[in-house]
file upload.txt (compact mmCIF, C-alpha atoms and all ligand atoms)
# COMPACT_ATOMS: atom_id res chain seq x y z
CA MET A 2 172.93 84.90 339.46
CA ARG A 3 174.93 83.69 336.49
CA VAL A 4 178.41 85.20 336.52
CA GLY A 5 180.68 85.60 333.52
CA VAL A 6 184.37 86.08 334.30
CA LEU A 7 186.82 87.76 331.90
CA ALA A 8 190.47 86.97 332.53
CA SER A 9 193.88 87.21 330.86
CA GLY A 10 196.22 85.58 333.36
CA SER A 11 196.73 82.99 336.02
CA GLY A 12 193.18 83.30 337.29
CA SER A 13 193.71 83.15 341.03
CA ASN A 14 190.79 85.55 341.51
CA LEU A 15 188.73 83.38 339.18
CA GLN A 16 189.63 80.43 341.41
CA ALA A 17 188.40 82.32 344.46
CA LEU A 18 185.10 82.89 342.64
CA LEU A 19 184.84 79.27 341.53
CA ASP A 20 185.39 78.16 345.13
CA ALA A 21 182.91 80.63 346.61
CA CYS A 22 180.10 80.55 344.06
CA ARG A 23 178.72 77.08 344.69
CA PRO A 24 175.34 75.86 345.89
CA PRO A 25 173.62 76.98 348.06
CA GLN A 26 175.13 80.38 347.27
CA PRO A 27 173.00 82.55 344.94
CA ALA A 28 175.78 82.89 342.32
CA GLU A 29 177.51 80.51 339.92
CA VAL A 30 180.28 81.02 337.39
CA ALA A 31 178.59 80.26 334.05
CA LEU A 32 181.32 81.31 331.61
CA VAL A 33 185.02 82.14 331.62
CA ALA A 34 186.12 84.24 328.66
CA CYS A 35 189.85 84.68 328.12
CA ASN A 36 191.90 86.44 325.45
CA VAL A 37 195.15 84.54 326.09
CA GLU A 38 195.62 81.01 324.78
CA GLY A 39 196.91 78.65 327.43
CA ALA A 40 196.28 81.08 330.31
CA GLY A 41 195.97 79.57 333.77
CA ALA A 42 192.44 80.95 334.00
CA VAL A 43 191.29 78.64 331.20
CA ALA A 44 192.77 75.58 332.89
CA ARG A 45 191.07 76.50 336.16
CA ALA A 46 187.72 76.87 334.39
CA GLU A 47 188.13 73.53 332.64
CA ARG A 48 189.03 71.84 335.91
CA ALA A 49 185.84 73.26 337.42
CA ARG A 50 183.86 72.13 334.33
CA VAL A 51 182.81 75.70 333.55
CA ALA A 52 182.28 76.76 329.92
CA THR A 53 185.13 78.70 328.36
CA TRP A 54 185.20 81.05 325.39
CA HIS A 55 188.26 82.42 323.63
CA ILE A 56 188.19 86.17 323.02
CA ALA A 57 189.84 86.28 319.59
CA ASP A 58 189.40 90.04 319.17
CA PRO A 59 188.96 92.04 322.40
CA ALA A 60 187.60 95.00 320.37
CA ASP A 61 184.75 92.91 318.95
CA GLY A 62 181.91 93.86 321.26
CA ASP A 63 179.24 91.99 319.31
CA ALA A 64 181.09 88.69 319.65
CA LEU A 65 181.69 89.15 323.38
CA LEU A 66 178.12 90.23 324.02
CA GLY A 67 176.90 87.24 322.02
CA ALA A 68 178.95 84.83 324.13
CA LEU A 69 177.84 86.41 327.42
CA ARG A 70 174.18 86.32 326.39
CA ALA A 71 174.43 82.78 325.02
CA HIS A 72 175.47 81.67 328.51
CA GLY A 73 172.82 83.73 330.26
CA VAL A 74 175.40 85.90 332.03
CA GLU A 75 173.80 88.46 334.36
CA LEU A 76 176.90 89.80 336.10
CA VAL A 77 180.32 90.22 334.47
CA VAL A 78 183.49 90.18 336.57
CA LEU A 79 186.85 91.29 335.19
CA ALA A 80 189.38 89.24 337.14
CA GLY A 81 192.78 90.15 335.79
CA TYR A 82 191.41 91.06 332.35
CA LEU A 83 193.92 93.36 330.68
CA LYS A 84 191.93 94.63 327.68
CA LEU A 85 189.46 97.47 327.47
CA VAL A 86 185.89 96.14 327.31
CA PRO A 87 184.05 97.57 324.26
CA ALA A 88 181.62 100.38 325.10
CA THR A 89 178.64 98.43 323.78
CA VAL A 90 179.31 95.61 326.26
CA VAL A 91 179.85 98.06 329.13
CA ALA A 92 176.53 99.73 328.26
CA ALA A 93 174.70 96.39 328.03
CA TYR A 94 175.95 95.46 331.51
CA ASP A 95 175.54 98.90 333.08
CA GLY A 96 175.81 98.44 336.85
CA ARG A 97 176.42 94.73 336.34
CA MET A 98 180.12 94.66 335.48
CA LEU A 99 182.80 94.65 338.17
CA ASN A 100 186.60 94.92 338.05
CA ILE A 101 189.17 94.18 340.72
CA HIS A 102 192.24 96.40 340.94
CA PRO A 103 195.21 95.70 343.26
CA ALA A 104 195.45 99.19 344.80
CA LEU A 105 193.23 101.75 346.47
CA LEU A 106 191.65 103.63 343.59
CA PRO A 107 191.42 106.39 342.53
CA SER A 108 195.17 106.33 343.22
CA PHE A 109 197.45 104.03 341.21
CA GLY A 110 194.98 103.23 338.45
CA GLY A 111 194.37 103.99 334.79
CA LYS A 112 195.78 102.80 331.49
CA GLY A 113 199.07 100.94 331.87
CA MET A 114 198.68 100.56 335.63
CA TYR A 115 198.53 96.82 336.06
CA GLY A 116 200.62 94.03 337.53
CA ARG A 117 203.99 94.89 339.06
CA ARG A 118 203.77 98.56 338.03
CA VAL A 119 200.92 99.19 340.44
CA HIS A 120 202.84 97.93 343.44
CA GLU A 121 206.03 99.70 342.34
CA ALA A 122 204.10 102.97 342.17
CA VAL A 123 202.59 102.41 345.62
CA LEU A 124 206.03 101.77 347.13
CA ALA A 125 207.56 104.77 345.32
CA SER A 126 204.81 107.02 346.68
CA GLY A 127 205.63 106.18 350.27
CA ALA A 128 202.02 105.19 350.98
CA THR A 129 201.66 103.14 354.14
CA VAL A 130 198.39 101.54 353.09
CA SER A 131 197.40 99.77 349.90
CA GLY A 132 194.73 97.17 349.17
CA PRO A 133 192.29 95.91 346.58
CA THR A 134 189.43 97.90 345.06
CA VAL A 135 186.33 96.45 343.43
CA HIS A 136 184.59 98.96 341.20
CA LEU A 137 181.95 99.16 338.53
CA VAL A 138 183.32 99.17 335.01
CA THR A 139 182.80 102.22 332.84
CA ALA A 140 184.31 103.12 329.49
CA GLU A 141 187.52 104.40 331.15
CA TYR A 142 190.14 102.16 332.80
CA ASP A 143 189.77 101.99 336.61
CA ARG A 144 187.50 105.04 336.87
CA GLY A 145 184.09 103.52 337.58
CA PRO A 146 182.31 103.96 340.92
CA ILE A 147 184.04 102.20 343.80
CA VAL A 148 182.05 99.35 345.34
CA ALA A 149 184.39 98.05 348.02
CA GLN A 150 187.95 98.35 349.24
CA TRP A 151 190.02 96.62 351.87
CA PRO A 152 193.09 98.21 353.47
CA VAL A 153 196.34 96.24 353.50
CA PRO A 154 199.45 97.63 355.23
CA VAL A 155 202.58 98.48 353.28
CA LEU A 156 205.51 97.24 355.36
CA PRO A 157 208.94 98.91 355.56
CA HIS A 158 210.86 96.21 353.68
CA ASP A 159 208.19 95.40 351.10
CA THR A 160 209.17 94.64 347.54
CA PRO A 161 206.58 94.81 344.73
CA GLU A 162 206.26 91.03 345.06
CA THR A 163 205.70 90.86 348.82
CA LEU A 164 203.16 93.69 348.60
CA ARG A 165 201.44 92.02 345.63
CA ASP A 166 201.09 88.77 347.55
CA ARG A 167 199.61 90.48 350.61
CA VAL A 168 197.12 92.44 348.47
CA LEU A 169 196.26 89.40 346.35
CA ALA A 170 195.34 87.39 349.43
CA MET A 171 192.77 90.05 350.26
CA GLU A 172 191.55 90.22 346.65
CA HIS A 173 190.60 86.58 347.03
CA GLN A 174 188.41 87.50 350.01
CA LEU A 175 186.99 90.76 348.74
CA LEU A 176 185.93 89.80 345.22
CA PRO A 177 183.77 86.77 346.12
CA ALA A 178 182.24 88.71 349.01
CA VAL A 179 181.17 91.50 346.66
CA VAL A 180 179.91 89.12 343.98
CA LEU A 181 177.83 87.19 346.50
CA ALA A 182 176.49 90.43 347.94
CA ALA A 183 175.55 91.60 344.45
CA ALA A 184 173.87 88.25 343.77
CA ARG A 185 171.89 88.56 347.00
CA ALA A 186 170.87 92.10 346.04
CA GLY A 187 169.81 90.68 342.68
CA ARG A 188 169.75 94.01 340.89
CA PRO A 189 172.15 96.38 339.17
CA LEU A 190 174.44 98.31 341.46
CA ARG A 191 173.82 102.03 341.56
CA LEU A 192 175.64 105.02 342.93
CA THR A 193 174.49 106.16 346.33
CA ALA A 194 174.50 109.77 347.45
CA ASP A 195 177.89 109.50 349.21
CA GLY A 196 179.62 108.45 346.02
CA THR A 197 180.00 104.76 346.72
CA ALA A 198 178.18 102.29 344.51
CA PHE A 199 176.65 100.40 347.38
CA ALA A 200 177.63 99.56 350.91
CA VAL A 201 178.43 95.94 351.59
CA THR A 202 177.92 95.41 355.28
CA ALA A 203 176.85 91.79 355.53
CA ALA A 204 180.16 90.21 354.61
CA PRO A 205 182.75 90.40 357.40
CA VAL A 206 185.76 91.06 355.19
CA VAL A 207 184.30 93.95 353.22
CA ALA A 208 184.72 97.59 354.07
CA THR A 209 183.71 100.53 351.94
CA MET A 210 185.62 103.76 351.77
CA ALA A 211 184.02 106.70 350.08
CA THR A 212 187.09 108.25 348.52
CA GLY A 213 189.74 105.59 348.19
CA GLU A 214 192.36 108.16 349.25
CA ASN A 215 195.30 106.49 350.87
CA GLY A 216 197.33 109.49 351.86
C1 LIG A 301 195.04 90.84 340.23
O1 LIG A 301 196.01 91.48 341.02
C2 LIG A 301 193.93 91.82 339.89
O2 LIG A 301 193.70 92.76 340.87
C3 LIG A 301 194.46 92.47 338.65
O3 LIG A 301 195.13 91.45 337.96
C4 LIG A 301 195.58 90.45 338.87
C5 LIG A 301 195.02 89.17 338.38
O4 LIG A 301 195.52 88.07 339.05
N1 LIG A 301 193.40 93.12 337.92
P1 LIG A 301 194.84 86.66 338.81
O5 LIG A 301 194.89 86.36 337.32
O6 LIG A 301 193.45 86.71 339.35
O7 LIG A 301 195.71 85.70 339.57

call {"tool": "encode", "arguments": {"input": "upload.txt", "output": "C-alpha cells", "more": "lines below"}}
Ligand code: GRF
result
Amino acid sequence: MRVGVLASGSGSNLQALLDACRPPQPAEVALVACNVEGAGAVARAERARVATWHIADPADGDALLGALRAHGVELVVLAGYLKLVPATVVAAYDGRMLNIHPALLPSFGGKGMYGRRVHEAVLASGATVSGPTVHLVTAEYDRGPIVAQWPVPVLPHDTPETLRDRVLAMEHQLLPAVVLAAARAGRPLRLTADGTAFAVTAAPVVATMATGENG
C-alpha cells in the first residue's frame, strides 16, 4: 500500500513510518507533503530518498489531491500536520486517511489543541492516564472515528515536556502498527457497530478503546 504522509514539523512520527514501512512489509511511504519550508520532516524524507512535495496553499484541495494521485497514494497519514485538510481531499480518501493525536480523544482535541497545549490541558485536568490516539480524518479537527489508542501513565511530577516525551515514544509504536494493519487489511477502514473504526489485534502494541474516555 502506497502511503502519503502530511507533516508540518520535526517528523519523528514520519521517521517511525519510514523505518517500519520497508520490504517485506505491505506498505511503503511514497510521498511526504509538507507545508513548512525547512521542516525536519522534509529532511527525513530526503534522507530516505522518498519524494517530497511542498504544500504552498493548504486550502488548495485540487493541488494536494493532484500530488497524492500523481504518486499513487492509497492511504494518507497526517503525522504532525497542523492544517485542516480540504473537504474534497478528505472525501476522496474516505476511510483511508489517518491522524495521530497525542492524547486520548475525544478528550483534549479539537481546533487549537496541538503541541504543548494538549499536554498542559491533560495535566491541568488531573487525568492519570494519557496516550496517543489514531483516528480517521473527517472534516472536523480530531473528531473522526477512533482506530486505536494506547494508554500512557501521567506521573505525579510530570511537566508538559516529560509527558509529551512518554506519549511520543508510544506514538512511534502505535502509528506504524496501525498503518501496517491497514495495509494488511488492504481496504478502507469502516466503523464497526461498537463505534470503533476497526479492531487491531494482531500487533502487540495496539489496544483499542471504544470511548477514549480517560476519567
Ligand atoms: C505528535 O505529537 C503528533 O501526535 C501530533 O504532532 C506531533 C508531531 O510530532 N499530531 P512529529 O513531527 O511527528 O515529531

call {"tool": "axis_aligned_box", "arguments": {"input": "upload.txt", "around": "ligand LIG 301 (chain A)", "padding_each_side": "5 Å", "output": "AutoDock Vina command-line options"}}
result
--center_x 194.7 --center_y 89.4 --center_z 339.2 --size_x 12.6 --size_y 17.4 --size_z 13.7

call {"tool": "residues_near_point", "arguments": {"input": "upload.txt", "point": "(185.5, 92.1, 317.7)", "cutoff": "12 Å", "atoms": "only C-alpha atoms", "output": "ChimeraX atom specification"}}
result
/A:36,55-68,85-90

call {"tool": "residues_near_ligand", "arguments": {"input": "upload.txt", "ligand": "ligand LIG 301 (chain A)", "cutoff": "6 Å", "atoms": "only C-alpha atoms and all ligand atoms", "output": "list in words"}}
result
Gly10, Ser11, Gly12, Ser13, Asn14, Leu15, Ala80, Gly81, Ile101, His102, Pro103 and Leu169 of chain A

call {"tool": "atom_distance", "arguments": {"input": "upload.txt", "atom1": "CA of Leu156 (chain A)", "atom2": "CA of Leu83 (chain A)"}}
result
27.5 Å

call {"tool": "residues_around", "arguments": {"input": "upload.txt", "residues": "Pro154 (chain A)", "least_positions_apart": "5", "cutoff": "10 Å", "atoms": "all atoms listed in the file", "output": "PDB file with C-alpha atoms, keeping the file's coordinate frame"}}
result
ATOM      1  CA  ALA A 128     202.020 105.190 350.980  1.00  0.00           C
ATOM      2  CA  THR A 129     201.660 103.140 354.140  1.00  0.00           C
ATOM      3  CA  VAL A 130     198.390 101.540 353.090  1.00  0.00           C
ATOM      4  CA  SER A 131     197.400  99.770 349.900  1.00  0.00           C
ATOM      5  CA  GLY A 132     194.730  97.170 349.170  1.00  0.00           C
ATOM      6  CA  ASP A 159     208.190  95.400 351.100  1.00  0.00           C
ATOM      7  CA  LEU A 164     203.160  93.690 348.600  1.00  0.00           C
ATOM      8  CA  ARG A 167     199.610  90.480 350.610  1.00  0.00           C
ATOM      9  CA  VAL A 168     197.120  92.440 348.470  1.00  0.00           C
TER      10      VAL A 168
END

call {"tool": "closest_residue", "arguments": {"input": "upload.txt", "among": "A:Lys84, A:Pro161, A:Gly145, A:Val30", "to": "Gly116 (chain A)", "atoms": "only C-alpha atoms"}}
result
A:Pro161

call {"tool": "residues_near_point", "arguments": {"input": "upload.txt", "point": "(184.1, 92.5, 336.9)", "cutoff": "10 Å", "atoms": "only C-alpha atoms", "output": "ChimeraX atom specification"}}
result
/A:4-8,76-82,97-102,135-138,176,180

call {"tool": "atom_distance", "arguments": {"input": "upload.txt", "atom1": "CA of Pro133 (chain A)", "atom2": "CA of Trp151 (chain A)"}}
result
5.8 Å

call {"tool": "closest_residue", "arguments": {"input": "upload.txt", "among": "A:Ala149, A:Val119, A:Ala42, A:Glu162", "to": "Ala178 (chain A)", "atoms": "all atoms listed in the file"}}
result
A:Ala149

call {"tool": "atom_distance", "arguments": {"input": "upload.txt", "atom1": "CA of Arg70 (chain A)", "atom2": "CA of Asp95 (chain A)"}}
result
14.3 Å

call {"tool": "closest_residue", "arguments": {"input": "upload.txt", "among": "A:Val51, A:Leu18, A:Leu69, A:Ala92", "to": "Ala140 (chain A)", "atoms": "all atoms listed in the file"}}
result
A:Ala92

call {"tool": "decode", "arguments": {"input": "upload.txt", "residues": "region 127-166 of chain A", "atoms": "N, CA and C atoms", "output": "PDB file, in the first residue's frame"}}
result
ATOM      1  N   GLY A 127      -5.969  16.826  35.774  1.00  0.00           N
ATOM      2  CA  GLY A 127      -5.749  15.835  36.814  1.00  0.00           C
ATOM      3  C   GLY A 127      -5.875  14.403  36.334  1.00  0.00           C
ATOM      4  N   ALA A 128      -5.999  14.206  35.014  1.00  0.00           N
ATOM      5  CA  ALA A 128      -6.091  12.844  34.479  1.00  0.00           C
ATOM      6  C   ALA A 128      -4.836  12.051  34.863  1.00  0.00           C
ATOM      7  N   THR A 129      -5.030  10.783  35.131  1.00  0.00           N
ATOM      8  CA  THR A 129      -3.885   9.944  35.499  1.00  0.00           C
ATOM      9  C   THR A 129      -3.417   9.093  34.326  1.00  0.00           C
ATOM     10  N   VAL A 130      -4.160   9.159  33.226  1.00  0.00           N
ATOM     11  CA  VAL A 130      -3.789   8.409  32.028  1.00  0.00           C
ATOM     12  C   VAL A 130      -3.901   9.326  30.823  1.00  0.00           C
ATOM     13  N   SER A 131      -2.909   9.256  29.953  1.00  0.00           N
ATOM     14  CA  SER A 131      -2.993   9.924  28.660  1.00  0.00           C
ATOM     15  C   SER A 131      -2.574   8.899  27.612  1.00  0.00           C
ATOM     16  N   GLY A 132      -2.189   9.354  26.437  1.00  0.00           N
ATOM     17  CA  GLY A 132      -1.717   8.400  25.435  1.00  0.00           C
ATOM     18  C   GLY A 132      -2.167   8.789  24.050  1.00  0.00           C
ATOM     19  N   PRO A 133      -1.515   8.238  23.039  1.00  0.00           N
ATOM     20  CA  PRO A 133      -1.845   8.610  21.668  1.00  0.00           C
ATOM     21  C   PRO A 133      -3.141   7.980  21.154  1.00  0.00           C
ATOM     22  N   THR A 134      -3.772   8.696  20.222  1.00  0.00           N
ATOM     23  CA  THR A 134      -4.954   8.204  19.512  1.00  0.00           C
ATOM     24  C   THR A 134      -4.684   8.265  18.009  1.00  0.00           C
ATOM     25  N   VAL A 135      -4.989   7.194  17.317  1.00  0.00           N
ATOM     26  CA  VAL A 135      -5.021   7.232  15.851  1.00  0.00           C
ATOM     27  C   VAL A 135      -6.490   7.176  15.440  1.00  0.00           C
ATOM     28  N   HIS A 136      -6.880   8.122  14.596  1.00  0.00           N
ATOM     29  CA  HIS A 136      -8.290   8.156  14.196  1.00  0.00           C
ATOM     30  C   HIS A 136      -8.411   8.486  12.713  1.00  0.00           C
ATOM     31  N   LEU A 137      -9.560   8.150  12.173  1.00  0.00           N
ATOM     32  CA  LEU A 137      -9.842   8.508  10.789  1.00  0.00           C
ATOM     33  C   LEU A 137     -10.109  10.008  10.704  1.00  0.00           C
ATOM     34  N   VAL A 138      -9.677  10.598   9.621  1.00  0.00           N
ATOM     35  CA  VAL A 138      -9.859  12.040   9.451  1.00  0.00           C
ATOM     36  C   VAL A 138     -11.215  12.313   8.811  1.00  0.00           C
ATOM     37  N   THR A 139     -11.914  13.253   9.435  1.00  0.00           N
ATOM     38  CA  THR A 139     -13.154  13.774   8.861  1.00  0.00           C
ATOM     39  C   THR A 139     -12.979  15.287   8.733  1.00  0.00           C
ATOM     40  N   ALA A 140     -14.029  15.968   8.331  1.00  0.00           N
ATOM     41  CA  ALA A 140     -13.907  17.400   8.058  1.00  0.00           C
ATOM     42  C   ALA A 140     -13.596  18.213   9.316  1.00  0.00           C
ATOM     43  N   GLU A 141     -13.858  17.648  10.506  1.00  0.00           N
ATOM     44  CA  GLU A 141     -13.641  18.384  11.749  1.00  0.00           C
ATOM     45  C   GLU A 141     -12.346  17.933  12.417  1.00  0.00           C
ATOM     46  N   TYR A 142     -11.606  18.843  13.012  1.00  0.00           N
ATOM     47  CA  TYR A 142     -10.377  18.504  13.730  1.00  0.00           C
ATOM     48  C   TYR A 142     -10.615  17.440  14.808  1.00  0.00           C
ATOM     49  N   ASP A 143      -9.892  16.356  14.764  1.00  0.00           N
ATOM     50  CA  ASP A 143      -9.807  15.373  15.857  1.00  0.00           C
ATOM     51  C   ASP A 143     -11.131  14.692  16.205  1.00  0.00           C
ATOM     52  N   ARG A 144     -12.097  14.711  15.282  1.00  0.00           N
ATOM     53  CA  ARG A 144     -13.405  14.149  15.644  1.00  0.00           C
ATOM     54  C   ARG A 144     -13.753  12.871  14.878  1.00  0.00           C
ATOM     55  N   GLY A 145     -12.876  12.414  14.010  1.00  0.00           N
ATOM     56  CA  GLY A 145     -13.186  11.212  13.241  1.00  0.00           C
ATOM     57  C   GLY A 145     -13.146   9.961  14.101  1.00  0.00           C
ATOM     58  N   PRO A 146     -13.712   8.858  13.593  1.00  0.00           N
ATOM     59  CA  PRO A 146     -13.761   7.609  14.356  1.00  0.00           C
ATOM     60  C   PRO A 146     -12.377   7.159  14.841  1.00  0.00           C
ATOM     61  N   ILE A 147     -12.342   6.738  16.096  1.00  0.00           N
ATOM     62  CA  ILE A 147     -11.090   6.298  16.703  1.00  0.00           C
ATOM     63  C   ILE A 147     -10.727   4.903  16.200  1.00  0.00           C
ATOM     64  N   VAL A 148      -9.481   4.751  15.777  1.00  0.00           N
ATOM     65  CA  VAL A 148      -8.998   3.462  15.285  1.00  0.00           C
ATOM     66  C   VAL A 148      -8.236   2.726  16.379  1.00  0.00           C
ATOM     67  N   ALA A 149      -7.346   3.420  17.058  1.00  0.00           N
ATOM     68  CA  ALA A 149      -6.537   2.759  18.088  1.00  0.00           C
ATOM     69  C   ALA A 149      -6.023   3.780  19.086  1.00  0.00           C
ATOM     70  N   GLN A 150      -5.881   3.317  20.321  1.00  0.00           N
ATOM     71  CA  GLN A 150      -5.312   4.163  21.371  1.00  0.00           C
ATOM     72  C   GLN A 150      -4.385   3.326  22.221  1.00  0.00           C
ATOM     73  N   TRP A 151      -3.478   4.001  22.913  1.00  0.00           N
ATOM     74  CA  TRP A 151      -2.577   3.263  23.800  1.00  0.00           C
ATOM     75  C   TRP A 151      -2.405   4.079  25.084  1.00  0.00           C
ATOM     76  N   PRO A 152      -2.731   3.487  26.226  1.00  0.00           N
ATOM     77  CA  PRO A 152      -2.649   4.255  27.473  1.00  0.00           C
ATOM     78  C   PRO A 152      -1.211   4.472  27.930  1.00  0.00           C
ATOM     79  N   VAL A 153      -0.950   5.663  28.397  1.00  0.00           N
ATOM     80  CA  VAL A 153       0.361   6.038  28.934  1.00  0.00           C
ATOM     81  C   VAL A 153       0.101   6.715  30.278  1.00  0.00           C
ATOM     82  N   PRO A 154       0.792   6.301  31.342  1.00  0.00           N
ATOM     83  CA  PRO A 154       0.504   6.917  32.649  1.00  0.00           C
ATOM     84  C   PRO A 154       0.944   8.378  32.716  1.00  0.00           C
ATOM     85  N   VAL A 155       0.178   9.171  33.453  1.00  0.00           N
ATOM     86  CA  VAL A 155       0.605  10.523  33.818  1.00  0.00           C
ATOM     87  C   VAL A 155       1.212  10.397  35.208  1.00  0.00           C
ATOM     88  N   LEU A 156       2.445  10.827  35.365  1.00  0.00           N
ATOM     89  CA  LEU A 156       3.140  10.652  36.649  1.00  0.00           C
ATOM     90  C   LEU A 156       3.060  11.931  37.477  1.00  0.00           C
ATOM     91  N   PRO A 157       3.146  11.796  38.814  1.00  0.00           N
ATOM     92  CA  PRO A 157       2.910  12.945  39.705  1.00  0.00           C
ATOM     93  C   PRO A 157       3.747  14.185  39.386  1.00  0.00           C
ATOM     94  N   HIS A 158       4.987  14.016  38.983  1.00  0.00           N
ATOM     95  CA  HIS A 158       5.833  15.206  38.773  1.00  0.00           C
ATOM     96  C   HIS A 158       6.006  15.546  37.301  1.00  0.00           C
ATOM     97  N   ASP A 159       5.083  15.053  36.467  1.00  0.00           N
ATOM     98  CA  ASP A 159       5.202  15.328  35.031  1.00  0.00           C
ATOM     99  C   ASP A 159       5.122  16.819  34.720  1.00  0.00           C
ATOM    100  N   THR A 160       5.909  17.221  33.750  1.00  0.00           N
ATOM    101  CA  THR A 160       5.752  18.534  33.116  1.00  0.00           C
ATOM    102  C   THR A 160       5.175  18.247  31.727  1.00  0.00           C
ATOM    103  N   PRO A 161       4.701  19.277  31.011  1.00  0.00           N
ATOM    104  CA  PRO A 161       4.224  19.014  29.643  1.00  0.00           C
ATOM    105  C   PRO A 161       5.288  18.309  28.802  1.00  0.00           C
ATOM    106  N   GLU A 162       6.537  18.618  29.049  1.00  0.00           N
ATOM    107  CA  GLU A 162       7.613  18.026  28.233  1.00  0.00           C
ATOM    108  C   GLU A 162       7.842  16.547  28.571  1.00  0.00           C
ATOM    109  N   THR A 163       7.860  16.219  29.859  1.00  0.00           N
ATOM    110  CA  THR A 163       8.101  14.805  30.199  1.00  0.00           C
ATOM    111  C   THR A 163       6.919  13.942  29.741  1.00  0.00           C
ATOM    112  N   LEU A 164       5.710  14.499  29.873  1.00  0.00           N
ATOM    113  CA  LEU A 164       4.534  13.746  29.412  1.00  0.00           C
ATOM    114  C   LEU A 164       4.565  13.608  27.889  1.00  0.00           C
ATOM    115  N   ARG A 165       4.901  14.691  27.206  1.00  0.00           N
ATOM    116  CA  ARG A 165       4.994  14.644  25.738  1.00  0.00           C
ATOM    117  C   ARG A 165       5.956  13.546  25.285  1.00  0.00           C
ATOM    118  N   ASP A 166       7.110  13.484  25.938  1.00  0.00           N
ATOM    119  CA  ASP A 166       8.121  12.512  25.509  1.00  0.00           C
ATOM    120  C   ASP A 166       7.643  11.073  25.723  1.00  0.00           C
TER     121      ASP A 166
END
